[in-house]
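*Asks:* Dropping in target_26.pdb, which is PDB, C-alpha atoms and all ligand atoms:
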```
MODEL        1
ATOM      1  CA  MET Z   1     -63.101  39.668  35.269  1.00  0.00           C
ATOM      2  CA  GLN Z   2     -60.982  37.544  37.540  1.00  0.00           C
ATOM      3  CA  ALA Z   3     -57.342  37.038  36.665  1.00  0.00           C
ATOM      4  CA  ASN Z   4     -55.821  33.626  37.217  1.00  0.00           C
ATOM      5  CA  ILE Z   5     -52.556  33.573  39.128  1.00  0.00           C
ATOM      6  CA  VAL Z   6     -50.326  30.797  37.782  1.00  0.00           C
ATOM      7  CA  SER Z   7     -48.608  28.394  40.169  1.00  0.00           C
ATOM      8  CA  PRO Z   8     -44.902  28.967  40.823  1.00  0.00           C
ATOM      9  CA  PRO Z   9     -42.393  26.529  39.330  1.00  0.00           C
ATOM     10  CA  GLN Z  10     -41.087  23.607  41.377  1.00  0.00           C
ATOM     11  CA  GLY Z  11     -38.352  24.611  43.775  1.00  0.00           C
ATOM     12  CA  ILE Z  12     -37.070  24.651  47.309  1.00  0.00           C
ATOM     13  CA  GLU Z  13     -38.888  26.952  49.638  1.00  0.00           C
ATOM     14  CA  GLY Z  14     -37.939  28.145  53.097  1.00  0.00           C
ATOM     15  CA  SER Z  15     -38.405  31.070  55.392  1.00  0.00           C
ATOM     16  CA  GLY Z  16     -37.657  34.134  53.262  1.00  0.00           C
ATOM     17  CA  PHE Z  17     -36.250  32.317  50.234  1.00  0.00           C
ATOM     18  CA  PHE Z  18     -37.300  30.348  47.190  1.00  0.00           C
ATOM     19  CA  ALA Z  19     -34.853  28.599  44.883  1.00  0.00           C
ATOM     20  CA  THR Z  20     -35.655  27.101  41.507  1.00  0.00           C
ATOM     21  CA  ARG Z  21     -34.038  26.434  38.151  1.00  0.00           C
ATOM     22  CA  PHE Z  22     -33.524  29.269  35.665  1.00  0.00           C
ATOM     23  CA  ASP Z  23     -35.182  27.391  32.792  1.00  0.00           C
ATOM     24  CA  GLU Z  24     -38.257  26.706  34.970  1.00  0.00           C
ATOM     25  CA  VAL Z  25     -38.740  30.466  35.444  1.00  0.00           C
ATOM     26  CA  ILE Z  26     -38.144  31.237  31.764  1.00  0.00           C
ATOM     27  CA  GLY Z  27     -40.526  28.408  30.798  1.00  0.00           C
ATOM     28  CA  LEU Z  28     -43.216  29.756  33.135  1.00  0.00           C
ATOM     29  CA  ALA Z  29     -42.921  33.260  31.658  1.00  0.00           C
ATOM     30  CA  ARG Z  30     -42.837  32.047  28.061  1.00  0.00           C
ATOM     31  CA  LYS Z  31     -45.760  29.661  28.297  1.00  0.00           C
ATOM     32  CA  ASN Z  32     -48.043  32.320  29.764  1.00  0.00           C
ATOM     33  CA  SER Z  33     -47.221  35.038  27.237  1.00  0.00           C
ATOM     34  CA  ILE Z  34     -47.285  33.300  23.852  1.00  0.00           C
ATOM     35  CA  TRP Z  35     -48.004  35.670  20.977  1.00  0.00           C
ATOM     36  CA  PRO Z  36     -49.733  33.760  18.167  1.00  0.00           C
ATOM     37  CA  LEU Z  37     -49.522  34.555  14.473  1.00  0.00           C
ATOM     38  CA  PRO Z  38     -52.791  33.414  12.856  1.00  0.00           C
ATOM     39  CA  PHE Z  39     -52.093  32.170   9.313  1.00  0.00           C
ATOM     40  CA  ALA Z  40     -55.668  31.543   8.242  1.00  0.00           C
ATOM     41  CA  THR Z  41     -56.532  30.685   4.659  1.00  0.00           C
ATOM     42  CA  SER Z  42     -60.019  29.195   4.885  1.00  0.00           C
ATOM     43  CA  CYS Z  43     -62.815  27.776   7.066  1.00  0.00           C
ATOM     44  CA  CYS Z  44     -60.649  26.715  10.052  1.00  0.00           C
ATOM     45  CA  GLY Z  45     -59.747  30.398  10.389  1.00  0.00           C
ATOM     46  CA  ILE Z  46     -63.385  31.121  11.232  1.00  0.00           C
ATOM     47  CA  GLU Z  47     -63.142  28.707  14.167  1.00  0.00           C
ATOM     48  CA  PHE Z  48     -60.080  30.606  15.336  1.00  0.00           C
ATOM     49  CA  MET Z  49     -62.101  33.838  15.224  1.00  0.00           C
ATOM     50  CA  ALA Z  50     -64.638  32.186  17.543  1.00  0.00           C
ATOM     51  CA  THR Z  51     -61.770  31.073  19.790  1.00  0.00           C
ATOM     52  CA  MET Z  52     -60.591  34.679  20.076  1.00  0.00           C
ATOM     53  CA  GLY Z  53     -64.107  35.898  20.961  1.00  0.00           C
ATOM     54  CA  SER Z  54     -65.334  36.629  24.475  1.00  0.00           C
ATOM     55  CA  HIS Z  55     -67.039  33.241  24.938  1.00  0.00           C
ATOM     56  CA  TYR Z  56     -63.843  31.187  24.603  1.00  0.00           C
ATOM     57  CA  ASP Z  57     -61.568  34.057  25.604  1.00  0.00           C
ATOM     58  CA  PHE Z  58     -58.130  33.097  24.311  1.00  0.00           C
ATOM     59  CA  SER Z  59     -56.677  36.037  26.216  1.00  0.00           C
ATOM     60  CA  ARG Z  60     -56.948  34.180  29.519  1.00  0.00           C
ATOM     61  CA  PHE Z  61     -53.836  32.249  28.441  1.00  0.00           C
ATOM     62  CA  GLY Z  62     -51.808  35.440  28.041  1.00  0.00           C
ATOM     63  CA  SER Z  63     -52.284  35.344  24.257  1.00  0.00           C
ATOM     64  CA  GLU Z  64     -54.619  38.248  23.681  1.00  0.00           C
ATOM     65  CA  ARG Z  65     -52.167  39.842  21.331  1.00  0.00           C
ATOM     66  CA  PRO Z  66     -52.312  38.123  17.918  1.00  0.00           C
ATOM     67  CA  SER Z  67     -49.280  39.185  15.969  1.00  0.00           C
ATOM     68  CA  PHE Z  68     -49.520  39.761  12.248  1.00  0.00           C
ATOM     69  CA  SER Z  69     -45.826  40.446  12.167  1.00  0.00           C
ATOM     70  CA  PRO Z  70     -43.702  37.244  12.171  1.00  0.00           C
ATOM     71  CA  ARG Z  71     -40.822  38.980  13.938  1.00  0.00           C
ATOM     72  CA  GLN Z  72     -42.977  39.622  16.998  1.00  0.00           C
ATOM     73  CA  ALA Z  73     -44.657  36.206  17.155  1.00  0.00           C
ATOM     74  CA  ASP Z  74     -43.807  33.003  19.048  1.00  0.00           C
ATOM     75  CA  LEU Z  75     -46.452  30.628  17.738  1.00  0.00           C
ATOM     76  CA  LEU Z  76     -47.450  30.098  14.116  1.00  0.00           C
ATOM     77  CA  MET Z  77     -51.046  28.844  13.956  1.00  0.00           C
ATOM     78  CA  VAL Z  78     -51.782  27.520  10.478  1.00  0.00           C
ATOM     79  CA  MET Z  79     -55.503  27.202   9.865  1.00  0.00           C
ATOM     80  CA  GLY Z  80     -56.931  26.200   6.524  1.00  0.00           C
ATOM     81  CA  THR Z  81     -56.120  24.622   3.204  1.00  0.00           C
ATOM     82  CA  ILE Z  82     -52.598  25.439   2.053  1.00  0.00           C
ATOM     83  CA  ALA Z  83     -52.162  25.344  -1.705  1.00  0.00           C
ATOM     84  CA  LYS Z  84     -48.741  24.252  -2.969  1.00  0.00           C
ATOM     85  CA  LYS Z  85     -48.254  27.778  -4.313  1.00  0.00           C
ATOM     86  CA  MET Z  86     -48.688  29.057  -0.746  1.00  0.00           C
ATOM     87  CA  GLY Z  87     -46.038  26.672   0.645  1.00  0.00           C
ATOM     88  CA  PRO Z  88     -43.031  28.982   0.011  1.00  0.00           C
ATOM     89  CA  VAL Z  89     -44.943  31.925   1.522  1.00  0.00           C
ATOM     90  CA  LEU Z  90     -45.668  29.922   4.671  1.00  0.00           C
ATOM     91  CA  LYS Z  91     -42.043  28.884   4.885  1.00  0.00           C
ATOM     92  CA  GLN Z  92     -40.886  32.488   4.523  1.00  0.00           C
ATOM     93  CA  VAL Z  93     -43.196  33.566   7.356  1.00  0.00           C
ATOM     94  CA  TYR Z  94     -41.747  30.782   9.534  1.00  0.00           C
ATOM     95  CA  GLU Z  95     -38.188  31.816   8.672  1.00  0.00           C
ATOM     96  CA  GLN Z  96     -38.931  35.405   9.656  1.00  0.00           C
ATOM     97  CA  MET Z  97     -39.970  34.355  13.160  1.00  0.00           C
ATOM     98  CA  ALA Z  98     -37.303  34.606  15.822  1.00  0.00           C
ATOM     99  CA  GLU Z  99     -36.313  31.578  17.927  1.00  0.00           C
ATOM    100  CA  PRO Z 100     -37.778  30.076  19.980  1.00  0.00           C
ATOM    101  CA  ARG Z 101     -40.817  29.487  17.758  1.00  0.00           C
ATOM    102  CA  TRP Z 102     -43.538  26.887  17.748  1.00  0.00           C
ATOM    103  CA  VAL Z 103     -46.102  25.719  15.181  1.00  0.00           C
ATOM    104  CA  ILE Z 104     -49.642  24.305  15.410  1.00  0.00           C
ATOM    105  CA  ALA Z 105     -51.360  22.744  12.395  1.00  0.00           C
ATOM    106  CA  VAL Z 106     -55.048  23.451  13.058  1.00  0.00           C
ATOM    107  CA  GLY Z 107     -57.495  21.134  11.298  1.00  0.00           C
ATOM    108  CA  ALA Z 108     -57.301  18.344   8.769  1.00  0.00           C
ATOM    109  CA  CYS Z 109     -56.199  20.525   5.829  1.00  0.00           C
ATOM    110  CA  ALA Z 110     -53.175  22.039   7.584  1.00  0.00           C
ATOM    111  CA  SER Z 111     -52.292  18.656   9.117  1.00  0.00           C
ATOM    112  CA  SER Z 112     -52.628  16.424   6.061  1.00  0.00           C
ATOM    113  CA  GLY Z 113     -54.379  18.177   3.166  1.00  0.00           C
ATOM    114  CA  GLY Z 114     -57.735  17.020   4.542  1.00  0.00           C
ATOM    115  CA  ILE Z 115     -60.319  16.099   1.946  1.00  0.00           C
ATOM    116  CA  PHE Z 116     -58.293  17.833  -0.771  1.00  0.00           C
ATOM    117  CA  ASP Z 117     -56.169  14.988  -2.061  1.00  0.00           C
ATOM    118  CA  THR Z 118     -55.494  16.928  -5.246  1.00  0.00           C
ATOM    119  CA  TYR Z 119     -52.565  18.073  -7.373  1.00  0.00           C
ATOM    120  CA  SER Z 120     -52.716  21.642  -6.053  1.00  0.00           C
ATOM    121  CA  VAL Z 121     -52.977  21.206  -2.273  1.00  0.00           C
ATOM    122  CA  LEU Z 122     -50.061  20.678   0.089  1.00  0.00           C
ATOM    123  CA  GLN Z 123     -50.630  17.371   1.882  1.00  0.00           C
ATOM    124  CA  GLY Z 124     -49.782  18.789   5.293  1.00  0.00           C
ATOM    125  CA  ILE Z 125     -47.703  21.814   6.270  1.00  0.00           C
ATOM    126  CA  ASP Z 126     -45.013  19.521   7.699  1.00  0.00           C
ATOM    127  CA  LYS Z 127     -43.911  19.104   4.077  1.00  0.00           C
ATOM    128  CA  VAL Z 128     -42.409  22.609   4.336  1.00  0.00           C
ATOM    129  CA  ILE Z 129     -41.968  23.482   8.038  1.00  0.00           C
ATOM    130  CA  PRO Z 130     -41.649  21.510  11.303  1.00  0.00           C
ATOM    131  CA  VAL Z 131     -44.867  21.178  13.310  1.00  0.00           C
ATOM    132  CA  ASP Z 132     -45.127  20.797  17.107  1.00  0.00           C
ATOM    133  CA  VAL Z 133     -48.837  20.032  17.579  1.00  0.00           C
ATOM    134  CA  TYR Z 134     -51.555  18.799  15.195  1.00  0.00           C
ATOM    135  CA  VAL Z 135     -55.219  19.556  15.954  1.00  0.00           C
ATOM    136  CA  PRO Z 136     -57.613  17.107  14.253  1.00  0.00           C
ATOM    137  CA  GLY Z 137     -61.066  18.007  12.916  1.00  0.00           C
ATOM    138  CA  CYS Z 138     -62.764  19.536   9.888  1.00  0.00           C
ATOM    139  CA  PRO Z 139     -63.113  22.057  11.325  1.00  0.00           C
ATOM    140  CA  PRO Z 140     -61.940  21.562  14.906  1.00  0.00           C
ATOM    141  CA  ARG Z 141     -64.175  23.224  17.480  1.00  0.00           C
ATOM    142  CA  PRO Z 142     -62.701  26.080  19.522  1.00  0.00           C
ATOM    143  CA  GLU Z 143     -62.318  23.631  22.436  1.00  0.00           C
ATOM    144  CA  ALA Z 144     -60.031  21.496  20.251  1.00  0.00           C
ATOM    145  CA  ILE Z 145     -57.990  24.542  19.224  1.00  0.00           C
ATOM    146  CA  ILE Z 146     -57.632  25.475  22.896  1.00  0.00           C
ATOM    147  CA  ASP Z 147     -56.621  21.898  23.707  1.00  0.00           C
ATOM    148  CA  GLY Z 148     -53.884  22.110  21.046  1.00  0.00           C
ATOM    149  CA  PHE Z 149     -52.779  25.426  22.497  1.00  0.00           C
ATOM    150  CA  LEU Z 150     -52.561  23.915  25.996  1.00  0.00           C
ATOM    151  CA  LYS Z 151     -50.325  21.174  24.547  1.00  0.00           C
ATOM    152  CA  ILE Z 152     -48.093  23.907  23.128  1.00  0.00           C
ATOM    153  CA  GLN Z 153     -48.011  25.602  26.536  1.00  0.00           C
ATOM    154  CA  GLU Z 154     -46.867  22.293  28.062  1.00  0.00           C
ATOM    155  CA  LEU Z 155     -44.066  22.006  25.486  1.00  0.00           C
ATOM    156  CA  VAL Z 156     -43.025  25.637  25.939  1.00  0.00           C
ATOM    157  CA  GLY Z 157     -42.975  25.365  29.730  1.00  0.00           C
ATOM    158  CA  LYS Z 158     -40.773  22.257  29.690  1.00  0.00           C
ATOM    159  CA  GLU Z 159     -38.430  23.146  26.842  1.00  0.00           C
ATOM    160  CA  PRO Z 160     -34.781  23.154  27.990  1.00  0.00           C
ATOM    161  CA  LEU Z 161     -33.016  26.430  27.173  1.00  0.00           C
ATOM    162  CA  ARG Z 162     -30.323  24.582  25.205  1.00  0.00           C
ATOM    163  CA  ARG Z 163     -32.707  22.700  22.911  1.00  0.00           C
ATOM    164  CA  ARG Z 164     -32.494  25.244  20.079  1.00  0.00           C
ATOM    165  CA  TYR Z 165     -28.685  24.861  20.003  1.00  0.00           C
ATOM    166  CA  SER Z 166     -28.761  21.072  20.003  1.00  0.00           C
ATOM    167  CA  GLU Z 167     -27.528  18.971  17.085  1.00  0.00           C
ATOM    168  CA  GLU Z 168     -30.914  17.267  16.940  1.00  0.00           C
ATOM    169  CA  TYR Z 169     -32.700  20.597  16.405  1.00  0.00           C
ATOM    170  CA  GLN Z 170     -30.167  21.714  13.782  1.00  0.00           C
ATOM    171  CA  HIS Z 171     -30.666  18.405  12.025  1.00  0.00           C
ATOM    172  CA  LEU Z 172     -34.454  18.990  12.052  1.00  0.00           C
ATOM    173  CA  LEU Z 173     -34.063  22.461  10.486  1.00  0.00           C
ATOM    174  CA  ASN Z 174     -31.523  21.181   7.952  1.00  0.00           C
ATOM    175  CA  SER Z 175     -33.987  18.521   6.861  1.00  0.00           C
ATOM    176  CA  TYR Z 176     -36.301  21.418   5.849  1.00  0.00           C
ATOM    177  CA  HIS Z 177     -33.405  23.389   4.276  1.00  0.00           C
ATOM    178  CA  ILE Z 178     -33.895  26.092   6.908  1.00  0.00           C
ATOM    179  CA  GLN Z 179     -30.762  27.832   8.209  1.00  0.00           C
TER     180      GLN Z 179
HETATM  181  S1  LIG Y   1     -60.056  21.168   7.722  1.00  0.00           S
HETATM  182 FE1  LIG Y   1     -62.165  21.367   6.977  1.00  0.00          FE
HETATM  183  S2  LIG Y   1     -62.878  23.254   7.942  1.00  0.00           S
HETATM  184 FE2  LIG Y   1     -60.641  23.286   8.081  1.00  0.00          FE
HETATM  185  S3  LIG Y   1     -59.950  24.400   6.265  1.00  0.00           S
HETATM  186 FE3  LIG Y   1     -60.001  22.222   5.742  1.00  0.00          FE
HETATM  187  S4  LIG Y   1     -62.014  21.914   4.798  1.00  0.00           S
HETATM  188 FE4  LIG Y   1     -62.108  23.841   5.935  1.00  0.00          FE
ENDMDL
END
```
Would you mind writing the structure in this file as structure tokens?
Ligand code: SF4

*Replies:*
Amino acid sequence: MQANIVSPPQGIEGSGFFATRFDEVIGLARKNSIWPLPFATSCCGIEFMATMGSHYDFSRFGSERPSFSPRQADLLMVMGTIAKKMGPVLKQVYEQMAEPRWVIAVGACASSGGIFDTYSVLQGIDKVIPVDVYVPGCPPRPEAIIDGFLKIQELVGKEPLRRRYSEEYQHLLNSYHIQ
């Protein structure tokens, strides 16, 4: 197996030195070592299993370690139909994750309730937690899940270190009654 060496961040290079910004280095490290927490409740979870398999090889993005402990996870991947009863559980898992944390809604059900426009199904996980990337499809193919993950990597790599302390971010969390 051949390992991919990632490109260095933008900076100023000269003979014997290289200067760059601190948040570029942190972003580079974070985006290539994201630990996902798979929150799979139904069929979309099966697509995630295929994504983790050797053919699609999720580990090439530095994410070969799925975390089933929220406190050691950076990325919450919600895959499947989320019943309203499950909403508070999902929110509790999100609250247990340390900052910085990101969220992908994988598939139509997690994004909008999908075909289940019923009294019992949450019409999108963004009713209870903030979402960074939505992956369409019922179910999305592994390529689509990977595409969503690459979008997350882009966000992670470019996120300013102060974003989580900003008023805008606090306002976002407050709107979900998350401290
Ligand atoms: S989006 Fe489709 S495949 Fe995914 S959980 Fe819902 S019904 Fe199943």

*Asks:* Running the PyMOL selection byres (((not hetatm)) within 6 of (chain Y and resi 1)) on this model by hand, what would come out? Give it as a PyMOL selection string.

*Replies:* chain Z and resi 42-44+80-81+107-109+114+138-139

*Asks:* Out of Z:His55, Z:Arg101, Z:Lys158, Z:Lys127, which residue has the shortest atom-to-atom distance to Leu76 of chain Z when counting all atoms listed in the file?

*Replies:*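 Counting all atoms listed in the file, the residue closest to Leu76 of chain Z is Z:Arg101.
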
*Asks:* I need the residue nearest Val156 of chain Z from this list: Z:Trp102, Z:Tyr169, Z:Phe39, Z:Phe116. Use all atoms listed in the file for the distance.

*Replies:* Z:Trp102

*Asks:* Find the residue from Z:Pro70, Z:Gly11, Z:Pro38, Z:Gly113 that sits nearest to Gln92 of chain Z; use only C-alpha atoms when measuring.

*Replies:* Z:Pro70

*Asks:* Dig up all the protein and nucleic acid residues within 10 Å of (-36.2, 28.3, 16.7) in the file frame, using all atoms listed in the file, and format them as a PyMOL selection string.

*Replies:* chain Z and resi 74+94-95+97-102+163-165+169-170+173

*Asks:* Next, write the just-selected residues to a file, as a PDB file, in the frame of the given file, keeping C-alpha atoms as the atom set.

*Replies:*
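File produced: result.pdb:
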```pdb
ATOM      1  CA  ASP Z  74     -43.807  33.003  19.048  1.00  0.00           C
ATOM      2  CA  TYR Z  94     -41.747  30.782   9.534  1.00  0.00           C
ATOM      3  CA  GLU Z  95     -38.188  31.816   8.672  1.00  0.00           C
ATOM      4  CA  MET Z  97     -39.970  34.355  13.160  1.00  0.00           C
ATOM      5  CA  ALA Z  98     -37.303  34.606  15.822  1.00  0.00           C
ATOM      6  CA  GLU Z  99     -36.313  31.578  17.927  1.00  0.00           C
ATOM      7  CA  PRO Z 100     -37.778  30.076  19.980  1.00  0.00           C
ATOM      8  CA  ARG Z 101     -40.817  29.487  17.758  1.00  0.00           C
ATOM      9  CA  TRP Z 102     -43.538  26.887  17.748  1.00  0.00           C
ATOM     10  CA  ARG Z 163     -32.707  22.700  22.911  1.00  0.00           C
ATOM     11  CA  ARG Z 164     -32.494  25.244  20.079  1.00  0.00           C
ATOM     12  CA  TYR Z 165     -28.685  24.861  20.003  1.00  0.00           C
ATOM     13  CA  TYR Z 169     -32.700  20.597  16.405  1.00  0.00           C
ATOM     14  CA  GLN Z 170     -30.167  21.714  13.782  1.00  0.00           C
ATOM     15  CA  LEU Z 173     -34.063  22.461  10.486  1.00  0.00           C
TER      16      LEU Z 173
END
```

*Asks:* Report, in Å to a single decimal, how far apart atom CA of Arg65 of chain Z and atom CA of Val106 of chain Z are.

*Replies:*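 Taking atom CA of Val106 of chain Z as the start and atom CA of Arg65 of chain Z as the end point, the length is 18.6 Å.
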
*Asks:* Please evaluate the PyMOL selection byres (((chain Z and resi 73) around 6) and not hetatm) against the displayed coordinates and give the resulting residues as JSON, numbers by chain.

*Replies:* {"Z": [35, 36, 37, 67, 70, 71, 72, 74, 75]}

*Asks:* Dump C-alpha atoms for the selected residues as an mmCIF file, keeping the file's coordinate frame?

*Replies:*
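Written file, result.cif:
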```cif
data_model
loop_
_atom_site.group_PDB
_atom_site.id
_atom_site.type_symbol
_atom_site.label_atom_id
_atom_site.label_comp_id
_atom_site.auth_asym_id
_atom_site.auth_seq_id
_atom_site.Cartn_x
_atom_site.Cartn_y
_atom_site.Cartn_z
ATOM 1 C CA TRP Z 35 -48.004 35.670 20.977
ATOM 2 C CA PRO Z 36 -49.733 33.760 18.167
ATOM 3 C CA LEU Z 37 -49.522 34.555 14.473
ATOM 4 C CA SER Z 67 -49.280 39.185 15.969
ATOM 5 C CA PRO Z 70 -43.702 37.244 12.171
ATOM 6 C CA ARG Z 71 -40.822 38.980 13.938
ATOM 7 C CA GLN Z 72 -42.977 39.622 16.998
ATOM 8 C CA ASP Z 74 -43.807 33.003 19.048
ATOM 9 C CA LEU Z 75 -46.452 30.628 17.738
#
```

*Asks:* Running the PyMOL selection byres (((chain Z and resi 10) around 12) and not hetatm) on this model by hand, what would come out? Give it as a list in words.

*Replies:*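 Those residues are Ser7, Pro8, Pro9, Gly11, Ile12, Glu13, Phe18, Ala19, Thr20, Arg21, Phe22, Asp23, Glu24, Val25, Gly27, Leu28, Gly157 and Lys158 of chain Z.
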
*Asks:* Any chance you can output those residues with C-alpha atoms as a PDB file, in the coordinates of the input?

*Replies:*
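Contents of the output file again_35.pdb:
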```pdb
ATOM      1  CA  SER Z   7     -48.608  28.394  40.169  1.00  0.00           C
ATOM      2  CA  PRO Z   8     -44.902  28.967  40.823  1.00  0.00           C
ATOM      3  CA  PRO Z   9     -42.393  26.529  39.330  1.00  0.00           C
ATOM      4  CA  GLY Z  11     -38.352  24.611  43.775  1.00  0.00           C
ATOM      5  CA  ILE Z  12     -37.070  24.651  47.309  1.00  0.00           C
ATOM      6  CA  GLU Z  13     -38.888  26.952  49.638  1.00  0.00           C
ATOM      7  CA  PHE Z  18     -37.300  30.348  47.190  1.00  0.00           C
ATOM      8  CA  ALA Z  19     -34.853  28.599  44.883  1.00  0.00           C
ATOM      9  CA  THR Z  20     -35.655  27.101  41.507  1.00  0.00           C
ATOM     10  CA  ARG Z  21     -34.038  26.434  38.151  1.00  0.00           C
ATOM     11  CA  PHE Z  22     -33.524  29.269  35.665  1.00  0.00           C
ATOM     12  CA  ASP Z  23     -35.182  27.391  32.792  1.00  0.00           C
ATOM     13  CA  GLU Z  24     -38.257  26.706  34.970  1.00  0.00           C
ATOM     14  CA  VAL Z  25     -38.740  30.466  35.444  1.00  0.00           C
ATOM     15  CA  GLY Z  27     -40.526  28.408  30.798  1.00  0.00           C
ATOM     16  CA  LEU Z  28     -43.216  29.756  33.135  1.00  0.00           C
ATOM     17  CA  GLY Z 157     -42.975  25.365  29.730  1.00  0.00           C
ATOM     18  CA  LYS Z 158     -40.773  22.257  29.690  1.00  0.00           C
TER      19      LYS Z 158
END
```

*Asks:* Name the closest residue to Glu47 of chain Z among the candidates Z:Asp126, Z:Met79, Z:Leu155, Z:Ala105; distances are taken between atoms, counting only C-alpha atoms.

*Replies:*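 Nearest candidate to Glu47 of chain Z out of Z:Asp126, Z:Met79, Z:Leu155, Z:Ala105: Z:Met79.
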
*Asks:* What gap, in Å, lies between atom CA of Ser175 of chain Z and atom CA of Ile125 of chain Z?

*Replies:*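 Separation of atom CA of Ser175 of chain Z and atom CA of Ile125 of chain Z: 14.1 Å.
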
*Asks:* In Å to one decimal, how far is atom CA of Phe149 of chain Z from atom CA of Ile46 of chain Z?

*Replies:* 16.5 Å

*Asks:* Measuring between only C-alpha atoms, which one of Z:Ile82, Z:Ile146, Z:Leu90, Z:Ala29 shows the shortest distance to Ala50 of chain Z?

*Replies:*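 Once distances to Ala50 of chain Z are computed over only C-alpha atoms, the minimum belongs to Z:Ile146.
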
*Asks:* For a quick check of understanding, using all atoms listed in the file, which of Z:Ile34, Z:Glu159, Z:Lys84, Z:Met77 has the smallest distance to Glu64 of chain Z?

*Replies:*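 So, comparing all the options, the nearest one is Z:Ile34.
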
*Asks:* Can you report as AutoDock Vina command-line options the centre and edge lengths in Å, to one decimal, of an axis-aligned box around the listed atoms of segment 101-114 of chain Z padded with 5 Å on each side?

*Replies:*
```
--center_x -49.3 --center_y 23.0 --center_z 10.5 --size_x 26.9 --size_y 23.1 --size_z 24.6
```

*Asks:* Excluding same-chain residues fewer than 6 positions from Ile152 of chain Z, what lies within 8 Å of it counting only C-alpha atoms, as an mmCIF file with C-alpha atoms, in the frame of the given file?

*Replies:*
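New file part16.cif:
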```cif
data_model
loop_
_atom_site.group_PDB
_atom_site.id
_atom_site.type_symbol
_atom_site.label_atom_id
_atom_site.label_comp_id
_atom_site.auth_asym_id
_atom_site.auth_seq_id
_atom_site.Cartn_x
_atom_site.Cartn_y
_atom_site.Cartn_z
ATOM 1 C CA TRP Z 102 -43.538 26.887 17.748
ATOM 2 C CA ILE Z 104 -49.642 24.305 15.410
ATOM 3 C CA ASP Z 132 -45.127 20.797 17.107
ATOM 4 C CA VAL Z 133 -48.837 20.032 17.579
#
```

*Asks:* Mind writing segment 128-174 of chain Z to a file for me, with C-alpha atoms, as an mmCIF file, in the first residue's frame?

*Replies:*
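Result file is result.cif:
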```
data_model
loop_
_atom_site.group_PDB
_atom_site.id
_atom_site.type_symbol
_atom_site.label_atom_id
_atom_site.label_comp_id
_atom_site.auth_asym_id
_atom_site.auth_seq_id
_atom_site.Cartn_x
_atom_site.Cartn_y
_atom_site.Cartn_z
ATOM 1 C CA VAL Z 128 -31.808 19.317 17.062
ATOM 2 C CA ILE Z 129 -28.120 19.908 16.220
ATOM 3 C CA PRO Z 130 -26.186 22.116 13.763
ATOM 4 C CA VAL Z 131 -25.092 20.387 10.552
ATOM 5 C CA ASP Z 132 -22.026 21.274 8.445
ATOM 6 C CA VAL Z 133 -22.541 19.115 5.340
ATOM 7 C CA TYR Z 134 -25.602 17.357 3.882
ATOM 8 C CA VAL Z 135 -25.136 14.330 1.603
ATOM 9 C CA PRO Z 136 -28.137 13.734 -0.690
ATOM 10 C CA GLY Z 137 -29.385 10.309 -1.801
ATOM 11 C CA CYS Z 138 -31.532 7.412 -0.624
ATOM 12 C CA PRO Z 139 -29.138 5.872 0.036
ATOM 13 C CA PRO Z 140 -26.097 7.846 -1.107
ATOM 14 C CA ARG Z 141 -23.412 5.705 -2.714
ATOM 15 C CA PRO Z 142 -20.059 5.437 -0.929
ATOM 16 C CA GLU Z 143 -18.647 7.917 -3.477
ATOM 17 C CA ALA Z 144 -21.214 10.484 -2.297
ATOM 18 C CA ILE Z 145 -20.342 9.837 1.352
ATOM 19 C CA ILE Z 146 -16.663 10.321 0.505
ATOM 20 C CA ASP Z 147 -17.516 13.518 -1.373
ATOM 21 C CA GLY Z 148 -19.307 14.823 1.743
ATOM 22 C CA PHE Z 149 -16.302 13.859 3.831
ATOM 23 C CA LEU Z 150 -13.961 15.752 1.484
ATOM 24 C CA LYS Z 151 -16.187 18.827 1.931
ATOM 25 C CA ILE Z 152 -15.775 18.434 5.691
ATOM 26 C CA GLN Z 153 -12.003 18.173 5.245
ATOM 27 C CA GLU Z 154 -12.089 21.456 3.296
ATOM 28 C CA LEU Z 155 -14.035 23.144 6.112
ATOM 29 C CA VAL Z 156 -11.753 21.712 8.798
ATOM 30 C CA GLY Z 157 -8.593 22.759 6.963
ATOM 31 C CA LYS Z 158 -9.780 26.353 6.532
ATOM 32 C CA GLU Z 159 -11.469 26.896 9.885
ATOM 33 C CA PRO Z 160 -9.921 29.848 11.763
ATOM 34 C CA LEU Z 161 -8.799 28.898 15.278
ATOM 35 C CA ARG Z 162 -10.979 31.630 16.801
ATOM 36 C CA ARG Z 163 -14.223 30.551 15.126
ATOM 37 C CA ARG Z 164 -15.429 28.469 18.084
ATOM 38 C CA TYR Z 165 -15.104 31.518 20.379
ATOM 39 C CA SER Z 166 -16.924 33.864 18.024
ATOM 40 C CA GLU Z 167 -20.267 35.466 18.864
ATOM 41 C CA GLU Z 168 -21.716 34.006 15.677
ATOM 42 C CA TYR Z 169 -20.859 30.452 16.773
ATOM 43 C CA GLN Z 170 -22.214 31.041 20.289
ATOM 44 C CA HIS Z 171 -25.390 32.382 18.739
ATOM 45 C CA LEU Z 172 -25.658 29.211 16.603
ATOM 46 C CA LEU Z 173 -25.298 26.953 19.673
ATOM 47 C CA ASN Z 174 -27.720 29.087 21.695
#
```
